[in-house]
file query_34.tsv (TSV, C-alpha atoms and all ligand atoms)
chain	number	residue	atom	x	y	z
A	12	MET	CA	61.23	72.52	65.67
A	13	PRO	CA	63.19	75.12	67.67
A	14	SER	CA	61.05	77.94	69.01
A	15	PRO	CA	61.20	81.10	66.85
A	16	ASP	CA	62.90	83.12	69.57
A	17	ALA	CA	65.66	80.56	70.23
A	18	SER	CA	68.30	83.04	69.06
A	19	ILE	CA	67.27	85.73	71.56
A	20	ASN	CA	69.43	86.13	74.67
A	21	LYS	CA	67.39	85.61	77.82
A	22	SER	CA	67.66	86.40	81.50
A	23	LEU	CA	68.99	83.80	83.95
A	24	GLU	CA	66.92	81.03	85.45
A	25	SER	CA	65.24	81.69	88.79
A	26	ARG	CA	67.50	79.47	90.89
A	27	TYR	CA	70.37	81.90	90.29
A	28	PHE	CA	68.43	84.55	92.18
A	29	THR	CA	66.63	82.52	94.83
A	30	ASP	CA	68.48	79.33	95.66
A	31	ALA	CA	70.63	79.07	98.82
A	32	THR	CA	72.74	76.35	97.18
A	33	VAL	CA	73.62	78.63	94.27
A	34	PHE	CA	74.47	81.33	96.81
A	35	GLU	CA	76.93	78.96	98.51
A	36	GLU	CA	78.34	77.93	95.16
A	37	GLU	CA	78.96	81.61	94.34
A	38	THR	CA	80.86	81.95	97.61
A	39	ARG	CA	83.32	79.27	96.57
A	40	LYS	CA	83.57	79.92	92.85
A	41	ILE	CA	83.39	83.70	92.75
A	42	PHE	CA	83.66	85.49	96.08
A	43	HIS	CA	86.52	83.43	97.50
A	44	ASP	CA	88.25	83.49	94.16
A	45	ARG	CA	88.25	87.20	93.24
A	46	TRP	CA	89.56	90.49	94.51
A	47	LEU	CA	86.82	92.23	96.46
A	48	TYR	CA	86.54	95.88	97.41
A	49	LEU	CA	86.79	96.26	101.18
A	50	ASP	CA	86.77	99.98	102.04
A	51	ARG	CA	88.28	103.33	101.19
A	52	SER	CA	91.80	103.81	102.42
A	53	SER	CA	90.77	107.28	103.62
A	54	ALA	CA	88.37	105.65	106.11
A	55	ILE	CA	91.45	105.05	108.29
A	56	GLU	CA	93.48	108.24	108.28
A	57	ASN	CA	95.76	107.76	111.29
A	58	PRO	CA	97.70	104.81	112.73
A	59	GLY	CA	95.34	102.83	114.94
A	60	ASP	CA	92.16	103.94	113.15
A	61	TYR	CA	90.14	100.95	112.02
A	62	THR	CA	87.00	99.88	110.24
A	63	ALA	CA	85.49	96.44	110.84
A	64	VAL	CA	83.71	95.07	107.79
A	65	GLU	CA	81.58	91.95	107.38
A	66	LEU	CA	82.30	90.62	103.94
A	67	GLU	CA	81.20	87.27	102.58
A	68	GLY	CA	80.65	85.88	106.06
A	69	GLN	CA	84.13	86.96	107.18
A	70	GLY	CA	84.84	89.61	109.76
A	71	LEU	CA	87.69	91.81	108.54
A	72	ILE	CA	89.63	94.62	110.15
A	73	LEU	CA	91.18	97.39	108.07
A	74	THR	CA	93.70	99.42	110.04
A	75	ARG	CA	96.80	101.55	109.61
A	76	ASP	CA	100.03	100.59	111.35
A	77	ARG	CA	102.75	102.84	112.78
A	78	GLU	CA	104.45	102.94	109.37
A	79	GLU	CA	101.20	104.31	107.90
A	80	GLN	CA	100.67	101.10	105.94
A	81	GLU	CA	97.19	99.71	105.44
A	82	LYS	CA	96.76	96.34	107.12
A	83	VAL	CA	93.91	93.88	106.80
A	84	TYR	CA	93.26	91.11	109.34
A	85	TYR	CA	90.58	88.57	109.95
A	86	ASN	CA	88.63	89.89	112.92
A	87	MET	CA	89.31	86.77	114.94
A	88	CYS	CA	91.33	86.16	118.07
A	89	ARG	CA	93.97	83.44	117.84
A	90	HIS	CA	93.11	82.23	121.36
A	91	ARG	CA	89.60	80.86	120.99
A	92	GLY	CA	88.36	82.58	117.88
A	93	THR	CA	86.44	85.51	119.34
A	94	ARG	CA	85.45	88.44	117.13
A	95	ILE	CA	87.79	91.12	118.46
A	96	LEU	CA	86.34	94.43	117.30
A	97	ASP	CA	82.58	94.73	117.26
A	98	GLN	CA	82.18	98.41	116.37
A	99	ALA	CA	82.02	99.34	112.68
A	100	SER	CA	84.85	101.82	113.14
A	101	GLY	CA	87.03	103.30	115.85
A	102	HIS	CA	90.58	103.76	117.06
A	103	CYS	CA	92.96	101.40	118.86
A	104	SER	CA	95.47	103.62	120.63
A	105	LYS	CA	98.23	101.05	121.16
A	106	VAL	CA	97.00	97.53	120.64
A	107	ILE	CA	94.04	95.59	119.30
A	108	ARG	CA	92.71	93.86	122.40
A	109	CYS	CA	90.39	90.88	122.49
A	110	PRO	CA	87.49	91.54	124.85
A	111	TYR	CA	87.46	87.92	126.13
A	112	HIS	CA	90.79	87.10	127.86
A	113	ALA	CA	92.62	90.26	126.84
A	114	TRP	CA	95.10	88.88	124.36
A	115	SER	CA	96.44	91.91	122.58
A	116	TYR	CA	97.92	92.43	119.15
A	117	ALA	CA	100.15	95.22	117.83
A	118	LEU	CA	98.95	97.10	114.74
A	119	ASP	CA	101.34	94.98	112.66
A	120	GLY	CA	99.30	91.94	113.74
A	121	SER	CA	101.84	90.39	116.10
A	122	LEU	CA	100.59	89.00	119.40
A	123	VAL	CA	102.17	91.14	122.10
A	124	GLY	CA	100.14	90.28	125.20
A	125	ALA	CA	98.70	86.94	126.32
A	126	PRO	CA	98.09	86.93	130.08
A	127	HIS	CA	99.41	83.85	131.92
A	128	MET	CA	100.32	82.05	128.73
A	129	GLU	CA	103.98	82.02	129.85
A	130	GLU	CA	102.84	79.20	132.18
A	131	THR	CA	101.85	77.10	129.18
A	132	GLU	CA	104.80	75.03	128.13
A	133	GLY	CA	105.76	75.35	124.47
A	134	PHE	CA	103.60	78.43	123.87
A	135	LYS	CA	105.30	81.10	121.78
A	136	LYS	CA	103.58	84.41	121.02
A	137	GLU	CA	105.10	84.55	117.56
A	138	ASP	CA	103.10	81.48	116.57
A	139	TYR	CA	99.81	83.35	116.94
A	140	PRO	CA	99.69	86.63	115.01
A	141	LEU	CA	96.43	87.91	113.55
A	142	ILE	CA	95.73	86.26	110.22
A	143	SER	CA	95.98	88.55	107.22
A	144	PRO	CA	94.27	87.89	103.86
A	145	ALA	CA	95.94	89.06	100.66
A	146	HIS	CA	95.18	92.73	100.14
A	147	ALA	CA	96.06	95.54	97.77
A	148	THR	CA	95.37	99.25	97.48
A	149	TRP	CA	94.33	100.76	94.16
A	150	GLU	CA	92.86	104.19	93.43
A	151	GLY	CA	92.46	104.86	97.15
A	152	SER	CA	90.46	101.68	97.74
A	153	VAL	CA	91.56	98.60	99.65
A	154	PHE	CA	90.79	95.23	98.09
A	155	VAL	CA	91.02	91.80	99.69
A	156	HIS	CA	91.23	88.28	98.35
A	157	LEU	CA	89.72	85.65	100.64
A	158	GLY	CA	90.98	82.65	98.68
A	159	ASP	CA	94.01	80.45	99.24
A	160	ASP	CA	95.84	81.15	96.03
A	161	PRO	CA	95.20	84.70	94.86
A	162	GLU	CA	96.27	85.95	91.47
A	163	PRO	CA	98.24	89.19	92.06
A	164	PHE	CA	95.89	92.18	92.09
A	165	GLU	CA	97.84	93.90	89.30
A	166	GLU	CA	97.21	90.93	87.04
A	167	SER	CA	93.52	90.64	87.82
A	168	TYR	CA	93.02	94.36	87.30
A	169	ALA	CA	95.51	94.76	84.44
A	170	PRO	CA	92.85	95.77	81.84
A	171	ILE	CA	91.79	98.82	83.87
A	172	LEU	CA	94.78	99.55	86.10
A	173	THR	CA	95.29	103.03	84.64
A	174	LYS	CA	91.93	103.56	82.95
A	175	PHE	CA	90.46	105.81	85.64
A	176	ALA	CA	93.63	107.85	86.24
A	177	PRO	CA	92.13	111.16	84.96
A	178	TRP	CA	89.59	111.13	87.82
A	179	HIS	CA	92.32	110.84	90.49
A	180	ILE	CA	90.03	108.62	92.54
A	181	GLY	CA	92.85	107.92	95.00
A	182	GLU	CA	92.81	111.55	96.13
A	183	LEU	CA	89.05	111.86	96.54
A	184	LYS	CA	87.36	111.98	99.92
A	185	THR	CA	84.01	110.61	100.95
A	186	VAL	CA	81.55	113.40	101.72
A	187	HIS	CA	78.54	111.16	102.14
A	188	ARG	CA	77.92	107.47	102.75
A	189	GLU	CA	74.58	105.70	102.65
A	190	VAL	CA	73.85	102.07	103.53
A	191	TYR	CA	70.84	100.40	101.95
A	192	GLU	CA	69.34	97.01	102.81
A	193	VAL	CA	67.77	95.68	99.64
A	194	ALA	CA	65.55	92.60	99.37
A	195	ALA	CA	67.02	91.47	96.06
A	196	ASN	CA	69.76	89.21	94.80
A	197	TRP	CA	73.08	90.98	94.14
A	198	LYS	CA	72.93	90.14	90.43
A	199	LEU	CA	69.65	92.02	90.03
A	200	ILE	CA	71.39	95.12	91.37
A	201	VAL	CA	74.30	94.64	88.97
A	202	GLN	CA	71.93	94.05	86.07
A	203	ASN	CA	69.85	97.08	86.94
A	204	TYR	CA	73.04	99.19	87.01
A	205	SER	CA	74.11	97.84	83.63
A	206	GLU	CA	71.25	99.16	81.50
A	207	CYS	CA	69.29	102.35	81.06
A	208	TYR	CA	66.35	100.73	79.27
A	209	HIS	CA	64.50	101.30	82.54
A	210	CYS	CA	65.52	104.95	82.89
A	211	PRO	CA	62.51	106.65	81.20
A	212	SER	CA	60.01	104.88	83.44
A	213	VAL	CA	62.01	104.54	86.65
A	214	HIS	CA	64.06	107.77	86.77
A	215	PRO	CA	61.95	110.71	85.53
A	216	GLU	CA	64.40	113.17	87.09
A	217	LEU	CA	67.41	111.67	85.29
A	218	GLN	CA	65.87	111.65	81.83
A	219	PRO	CA	66.19	115.36	80.99
A	220	LEU	CA	69.79	115.39	82.26
A	221	SER	CA	71.13	112.34	80.44
A	222	HIS	CA	69.18	110.64	77.69
A	223	TYR	CA	68.82	106.88	78.07
A	224	ARG	CA	69.90	106.19	74.50
A	225	ALA	CA	72.93	108.51	74.53
A	226	THR	CA	75.07	105.66	75.74
A	227	SER	CA	77.85	103.40	74.53
A	228	ASN	CA	80.21	100.84	76.01
A	229	ASP	CA	83.99	100.80	75.91
A	230	LEU	CA	84.41	97.64	78.01
A	231	GLU	CA	82.16	95.01	76.50
A	232	GLU	CA	83.48	91.63	77.59
A	233	GLY	CA	85.08	90.12	80.67
A	234	PRO	CA	85.04	91.14	84.31
A	235	PHE	CA	85.02	94.89	83.66
A	236	LEU	CA	81.99	96.21	81.81
A	237	GLY	CA	80.48	99.56	80.96
A	238	GLY	CA	81.03	102.89	79.29
A	239	PRO	CA	79.92	106.50	78.95
A	240	MET	CA	76.55	108.24	78.85
A	241	ARG	CA	76.27	111.76	77.56
A	242	ILE	CA	75.29	114.59	79.88
A	243	THR	CA	72.78	116.58	77.83
A	244	GLN	CA	73.32	120.10	79.06
A	245	GLU	CA	76.63	121.70	78.16
A	246	GLY	CA	78.57	122.08	81.44
A	247	GLY	CA	75.78	120.40	83.37
A	248	GLY	CA	75.95	117.70	86.01
A	249	LEU	CA	73.78	114.95	87.38
A	250	SER	CA	72.25	116.57	90.42
A	251	ARG	CA	68.94	118.05	91.55
A	252	GLY	CA	68.71	121.06	89.28
A	253	GLY	CA	71.13	119.64	86.69
A	254	LYS	CA	74.18	121.61	87.78
A	255	ARG	CA	77.59	120.39	88.83
A	256	THR	CA	78.15	120.71	92.57
A	257	ALA	CA	81.94	121.09	92.26
A	258	PRO	CA	84.48	122.25	89.67
A	259	PRO	CA	85.47	119.47	87.23
A	260	LEU	CA	87.95	117.02	88.69
A	261	PRO	CA	91.48	118.13	87.84
A	262	GLY	CA	92.87	115.97	85.06
A	263	LEU	CA	89.70	115.46	83.05
A	264	THR	CA	89.83	116.10	79.33
A	265	GLU	CA	87.25	118.12	77.39
A	266	GLU	CA	85.67	114.87	76.28
A	267	ASN	CA	85.23	113.59	79.85
A	268	LEU	CA	83.37	116.74	80.88
A	269	GLN	CA	80.18	115.96	78.97
A	270	GLN	CA	80.10	112.29	79.94
A	271	ALA	CA	79.21	110.18	82.93
A	272	TYR	CA	80.95	106.78	82.88
A	273	TYR	CA	79.43	103.72	84.51
A	274	TYR	CA	81.45	100.57	85.17
A	275	LEU	CA	80.92	97.23	86.84
A	276	LEU	CA	84.08	95.78	88.38
A	277	PHE	CA	83.09	92.13	88.70
A	278	PRO	CA	81.63	90.92	90.88
A	279	THR	CA	80.25	93.63	93.13
A	280	LEU	CA	81.81	97.06	92.74
A	281	LEU	CA	80.04	99.76	90.73
A	282	VAL	CA	81.99	102.90	89.85
A	283	SER	CA	80.29	105.96	88.37
A	284	LEU	CA	82.67	108.62	87.11
A	285	GLN	CA	81.12	112.07	86.80
A	286	PRO	CA	82.78	115.34	85.76
A	287	ASP	CA	82.61	116.71	89.31
A	288	PHE	CA	82.55	113.66	91.59
A	289	VAL	CA	82.71	109.87	91.72
A	290	LEU	CA	80.02	107.57	93.08
A	291	MET	CA	80.93	104.10	94.31
A	292	HIS	CA	78.53	101.31	95.19
A	293	GLN	CA	79.78	98.27	97.04
A	294	LEU	CA	77.36	95.35	97.07
A	295	GLN	CA	77.67	92.98	100.02
A	296	ARG	CA	75.85	89.70	99.61
A	297	VAL	CA	73.86	88.78	102.71
A	298	SER	CA	71.73	85.96	101.32
A	299	ALA	CA	70.24	84.93	97.98
A	300	ASN	CA	67.53	87.58	98.35
A	301	HIS	CA	69.24	90.21	100.47
A	302	THR	CA	72.02	92.60	99.49
A	303	ARG	CA	73.55	95.38	101.54
A	304	ILE	CA	74.65	98.31	99.40
A	305	ILE	CA	77.13	100.90	100.58
A	306	CYS	CA	77.12	103.99	98.43
A	307	GLN	CA	79.75	106.71	98.73
A	308	TRP	CA	79.92	110.17	97.17
A	309	LEU	CA	83.56	111.14	96.57
A	310	TYR	CA	84.79	114.67	95.90
A	311	HIS	CA	88.17	116.29	95.41
A	312	PRO	CA	89.64	117.86	98.59
A	313	GLN	CA	90.04	121.20	96.77
A	314	ALA	CA	86.33	121.26	96.05
A	315	ILE	CA	85.49	120.25	99.62
A	316	ASP	CA	87.67	123.06	100.99
A	317	GLY	CA	86.23	125.54	98.50
A	318	GLU	CA	83.90	128.33	99.50
A	319	ASN	CA	80.19	127.47	99.41
A	320	PHE	CA	80.80	123.77	98.74
A	321	ASP	CA	77.38	122.12	98.83
A	322	PRO	CA	77.11	118.55	97.50
A	323	GLN	CA	73.53	118.21	98.79
A	324	PRO	CA	71.80	118.50	95.37
A	325	THR	CA	74.00	115.64	94.10
A	326	ILE	CA	73.53	113.54	97.21
A	327	GLU	CA	69.75	113.89	97.11
A	328	PHE	CA	69.58	113.22	93.39
A	329	TRP	CA	71.56	109.99	93.56
A	330	ASP	CA	69.98	108.81	96.79
A	331	ASN	CA	66.66	109.13	94.98
A	332	VAL	CA	67.94	107.33	91.87
A	333	ASN	CA	69.34	104.60	94.13
A	334	ARG	CA	66.01	104.07	95.88
A	335	GLU	CA	64.17	103.98	92.56
A	336	ASP	CA	66.59	101.29	91.39
A	337	TRP	CA	66.32	99.24	94.60
A	338	ARG	CA	62.54	99.35	94.38
A	339	VAL	CA	62.35	97.81	90.91
A	340	SER	CA	65.07	95.33	91.82
A	341	GLU	CA	62.99	94.19	94.80
A	342	LEU	CA	59.92	93.90	92.61
A	343	THR	CA	61.91	91.77	90.17
A	344	GLN	CA	63.09	89.54	93.00
A	345	LYS	CA	59.49	89.01	94.04
A	346	GLY	CA	58.38	88.10	90.53
A	347	ILE	CA	61.29	85.75	89.93
A	348	ALA	CA	60.55	83.93	93.21
A	349	GLY	CA	57.05	83.08	91.95
A	350	ARG	CA	56.25	79.81	90.23
A	351	THR	CA	55.46	81.24	86.80
A	352	TYR	CA	58.78	82.97	86.04
A	353	THR	CA	60.72	81.79	83.04
A	354	PRO	CA	63.77	83.58	81.57
A	355	GLY	CA	62.63	86.53	79.44
A	356	PRO	CA	64.14	88.10	76.31
A	357	TYR	CA	66.77	90.81	76.63
A	358	SER	CA	66.43	93.95	74.48
A	359	ASN	CA	69.25	95.45	72.46
A	360	LEU	CA	69.61	98.01	75.24
A	361	GLU	CA	70.63	95.21	77.61
A	362	SER	CA	73.81	94.00	75.93
A	363	MET	CA	75.84	94.56	79.11
A	364	LEU	CA	73.54	92.12	80.93
A	365	VAL	CA	74.24	89.48	78.32
A	366	ALA	CA	77.97	90.09	78.81
A	367	PHE	CA	77.60	90.00	82.61
A	368	ASP	CA	75.59	86.76	82.54
A	369	ARG	CA	78.26	85.23	80.29
A	370	GLU	CA	81.05	86.23	82.67
A	371	TYR	CA	79.01	85.02	85.65
A	372	LEU	CA	78.17	81.63	84.12
A	373	LYS	CA	81.79	81.17	83.09
A	374	ALA	CA	82.86	81.74	86.68
A	375	MET	CA	80.21	79.33	87.94
A	376	ALA	CA	81.02	76.58	85.43
B	401	LIG	S1	89.35	84.45	122.83
B	401	LIG	FE1	90.51	86.23	122.64
B	401	LIG	S2	91.65	86.28	124.42
B	401	LIG	FE2	90.50	84.49	124.64
B	402	FE	FE	68.53	102.95	87.37
call {"tool": "encode", "arguments": {"input": "query_34.tsv", "output": "structure tokens"}}
result
Amino acid sequence: MPSPDASINKSLESRYFTDATVFEEETRKIFHDRWLYLDRSSAIENPGDYTAVELEGQGLILTRDREEQEKVYYNMCRHRGTRILDQASGHCSKVIRCPYHAWSYALDGSLVGAPHMEETEGFKKEDYPLISPAHATWEGSVFVHLGDDPEPFEESYAPILTKFAPWHIGELKTVHREVYEVAANWKLIVQNYSECYHCPSVHPELQPLSHYRATSNDLEEGPFLGGPMRITQEGGGLSRGGKRTAPPLPGLTEENLQQAYYYLLFPTLLVSLQPDFVLMHQLQRVSANHTRIICQWLYHPQAIDGENFDPQPTIEFWDNVNREDWRVSELTQKGIAGRTYTPGPYSNLESMLVAFDREYLKAMA
């Protein structure tokens, strides 16, 4: 006889959170087969500025060339493979130079200097430019695709290409950035983000500002999931003290002003749209039980330039919420790694987790 709870959706089996083989399988089937957020375009304002990002075991350079175009390269010298830039960010005034034998590359990726290689018969500089993965810029963020045969970004993101337009995310600037090292599988972070069932017990400060049941979803299936939660106080915001820390973002409708919208962009980008700012979390997988999370607080330049601009109450509030979330995610990782864990039943408040698991298992099939 089937068990009485056979119809209940349950959490994933433990190997999905703990097993190094599953982690490797995810690399191939998901992370080298999807568009991944790399960095904000505003992180490199001027030609020659760069950020060097470790993503999915690949070193990547994001830079801006003389034509002001964003460029992405593998951070690997074409001579003998050396990692070229080893600072997280900086500026290359003329060329990107390898520290080993001083091969140098122009900002457009072409090899322009290779000492003594003219003595090597048959060697042509044009055969050895920096290697560039497919990349695209959307809403002020640069995305890369590390696979061999990428679907065009506009096709992958077609369902939400214009959905966030009212928030003008492309114009927003990062006022604060926090990096967290979390001892939990990336999916536990995504799952934690995708429900507020935990909010009354985990986030006492959030509860009075946005009730955990005042939520709905407008993207319920597929790689983009989430929806709005009501902000309780008329004209309020999600910050320490419950006030907005900037005027509403230009372009928002009346309806947007009393809502905070939370979306997962599969696999690892979390976008939280607030009336006065936008919060972005990028999850970087490190291992099956370790995730690096980069959180950015984005505000409109007009607000930043405004008199008495002080985002601190918002920064502190969300930093605290983040840490509360990471803590329970780490506790979950610990429990799942034990020998007694079996998949447990999801509540009705966890429908987004069911949808995420479905999307995830489909990708892993
Ligand atoms: S490895 Fe880069 S110049 Fe030799
Ligand atoms: Fe939370």
call {"tool": "closest_residue", "arguments": {"input": "query_34.tsv", "among": "A:Gln69, A:Ser52, A:Ser362, A:Ser283", "to": "Glu232 (chain A)", "atoms": "only C-alpha atoms"}}
result
A:Ser362
call {"tool": "closest_atom_pairs", "arguments": {"input": "query_34.tsv", "of": "chain A", "to": "ligand FE 402 (chain B)", "cutoff": "12 Å", "atoms": "only C-alpha atoms and all ligand atoms", "output": "tab-separated table"}}
result
residue	atom	partner	partner_atom	distance
A:Leu199	CA	B:FE402	FE	11.3
A:Ile200	CA	B:FE402	FE	9.2
A:Val201	CA	B:FE402	FE	10.2
A:Gln202	CA	B:FE402	FE	9.6
A:Asn203	CA	B:FE402	FE	6.0
A:Tyr204	CA	B:FE402	FE	5.9
A:Ser205	CA	B:FE402	FE	8.4
A:Glu206	CA	B:FE402	FE	7.5
A:Cys207	CA	B:FE402	FE	6.4
A:Tyr208	CA	B:FE402	FE	8.7
A:His209	CA	B:FE402	FE	6.5
A:Cys210	CA	B:FE402	FE	5.8
A:Pro211	CA	B:FE402	FE	9.4
A:Ser212	CA	B:FE402	FE	9.6
A:Val213	CA	B:FE402	FE	6.7
A:His214	CA	B:FE402	FE	6.6
A:Pro215	CA	B:FE402	FE	10.3
A:Glu216	CA	B:FE402	FE	11.0
A:Leu217	CA	B:FE402	FE	9.0
A:Gln218	CA	B:FE402	FE	10.7
A:Ser221	CA	B:FE402	FE	12.0
A:Tyr223	CA	B:FE402	FE	10.1
A:Tyr273	CA	B:FE402	FE	11.3
A:Phe328	CA	B:FE402	FE	12.0
A:Trp329	CA	B:FE402	FE	9.9
A:Asp330	CA	B:FE402	FE	11.2
A:Asn331	CA	B:FE402	FE	10.0
A:Val332	CA	B:FE402	FE	6.3
A:Asn333	CA	B:FE402	FE	7.0
A:Arg334	CA	B:FE402	FE	8.9
A:Glu335	CA	B:FE402	FE	6.9
A:Asp336	CA	B:FE402	FE	4.8
A:Trp337	CA	B:FE402	FE	8.4
A:Arg338	CA	B:FE402	FE	9.9
A:Val339	CA	B:FE402	FE	8.8
A:Ser340	CA	B:FE402	FE	9.5
call {"tool": "residues_near_ligand", "arguments": {"input": "query_34.tsv", "ligand": "ligand LIG 401 (chain B)", "cutoff": "12 Å", "atoms": "all atoms listed in the file", "output": "PyMOL selection string"}}
result
chain A and resi 86-96+107-116+122-128+139-141
call {"tool": "residues_around", "arguments": {"input": "query_34.tsv", "residues": "region 103-106 of chain A", "least_positions_apart": "4", "cutoff": "8 Å", "atoms": "only C-alpha atoms", "output": "PyMOL selection string"}}
result
chain A and resi 59-61+115-118
call {"tool": "atom_distance", "arguments": {"input": "query_34.tsv", "atom1": "CA of His311 (chain A)", "atom2": "CA of Ile180 (chain A)"}}
result
8.4 Å
call {"tool": "axis_aligned_box", "arguments": {"input": "query_34.tsv", "around": "region 145-150 of chain A", "padding_each_side": "8 Å", "output": "AutoDock Vina command-line options"}}
result
--center_x 94.5 --center_y 96.6 --center_z 97.0 --size_x 19.2 --size_y 31.1 --size_z 23.2
call {"tool": "residues_around", "arguments": {"input": "query_34.tsv", "residues": "Glu56 (chain A)", "least_positions_apart": "5", "cutoff": "12 Å", "atoms": "only C-alpha atoms", "output": "VMD selection string"}}
result
chain A and resid 51 61 to 62 73 to 77 79 to 81 100 to 102 151 184
call {"tool": "residues_around", "arguments": {"input": "query_34.tsv", "residues": "Val365 (chain A)", "least_positions_apart": "5", "cutoff": "12 Å", "atoms": "all atoms listed in the file", "output": "PyMOL selection string"}}
result
chain A and resi 19-23+201-202+205-206+231-233+236+356-360+370-372
call {"tool": "decode", "arguments": {"input": "query_34.tsv", "residues": "region 112-123 of chain A", "atoms": "N, CA and C atoms", "output": "mmCIF file, in the first residue's frame"}}
result
data_model
loop_
_atom_site.group_PDB
_atom_site.id
_atom_site.type_symbol
_atom_site.label_atom_id
_atom_site.label_comp_id
_atom_site.auth_asym_id
_atom_site.auth_seq_id
_atom_site.Cartn_x
_atom_site.Cartn_y
_atom_site.Cartn_z
ATOM 1 N N HIS A 112 56.047 35.859 -18.676
ATOM 2 C CA HIS A 112 57.054 36.201 -19.689
ATOM 3 C C HIS A 112 56.681 37.473 -20.439
ATOM 4 N N ALA A 113 55.722 38.205 -19.829
ATOM 5 C CA ALA A 113 55.367 39.545 -20.312
ATOM 6 C C ALA A 113 54.695 39.577 -21.688
ATOM 7 N N TRP A 114 54.004 38.534 -22.057
ATOM 8 C CA TRP A 114 53.139 38.680 -23.225
ATOM 9 C C TRP A 114 52.080 39.723 -22.854
ATOM 10 N N SER A 115 51.732 40.549 -23.813
ATOM 11 C CA SER A 115 50.739 41.574 -23.477
ATOM 12 C C SER A 115 49.635 41.614 -24.522
ATOM 13 N N TYR A 116 48.458 41.934 -24.023
ATOM 14 C CA TYR A 116 47.239 41.900 -24.826
ATOM 15 C C TYR A 116 46.574 43.270 -24.787
ATOM 16 N N ALA A 117 46.087 43.728 -25.940
ATOM 17 C CA ALA A 117 45.318 44.976 -25.966
ATOM 18 C C ALA A 117 43.968 44.729 -25.304
ATOM 19 N N LEU A 118 43.248 45.800 -24.988
ATOM 20 C CA LEU A 118 41.950 45.653 -24.312
ATOM 21 C C LEU A 118 40.927 44.936 -25.194
ATOM 22 N N ASP A 119 41.178 44.910 -26.517
ATOM 23 C CA ASP A 119 40.266 44.160 -27.386
ATOM 24 C C ASP A 119 40.647 42.677 -27.442
ATOM 25 N N GLY A 120 41.645 42.284 -26.643
ATOM 26 C CA GLY A 120 41.998 40.868 -26.526
ATOM 27 C C GLY A 120 43.127 40.427 -27.429
ATOM 28 N N SER A 121 43.498 41.278 -28.399
ATOM 29 C CA SER A 121 44.532 40.830 -29.344
ATOM 30 C C SER A 121 45.904 40.836 -28.667
ATOM 31 N N LEU A 122 46.718 39.859 -29.055
ATOM 32 C CA LEU A 122 48.080 39.768 -28.531
ATOM 33 C C LEU A 122 48.918 40.821 -29.241
ATOM 34 N N VAL A 123 49.494 41.740 -28.486
ATOM 35 C CA VAL A 123 50.249 42.826 -29.120
ATOM 36 C C VAL A 123 51.732 42.775 -28.778
#
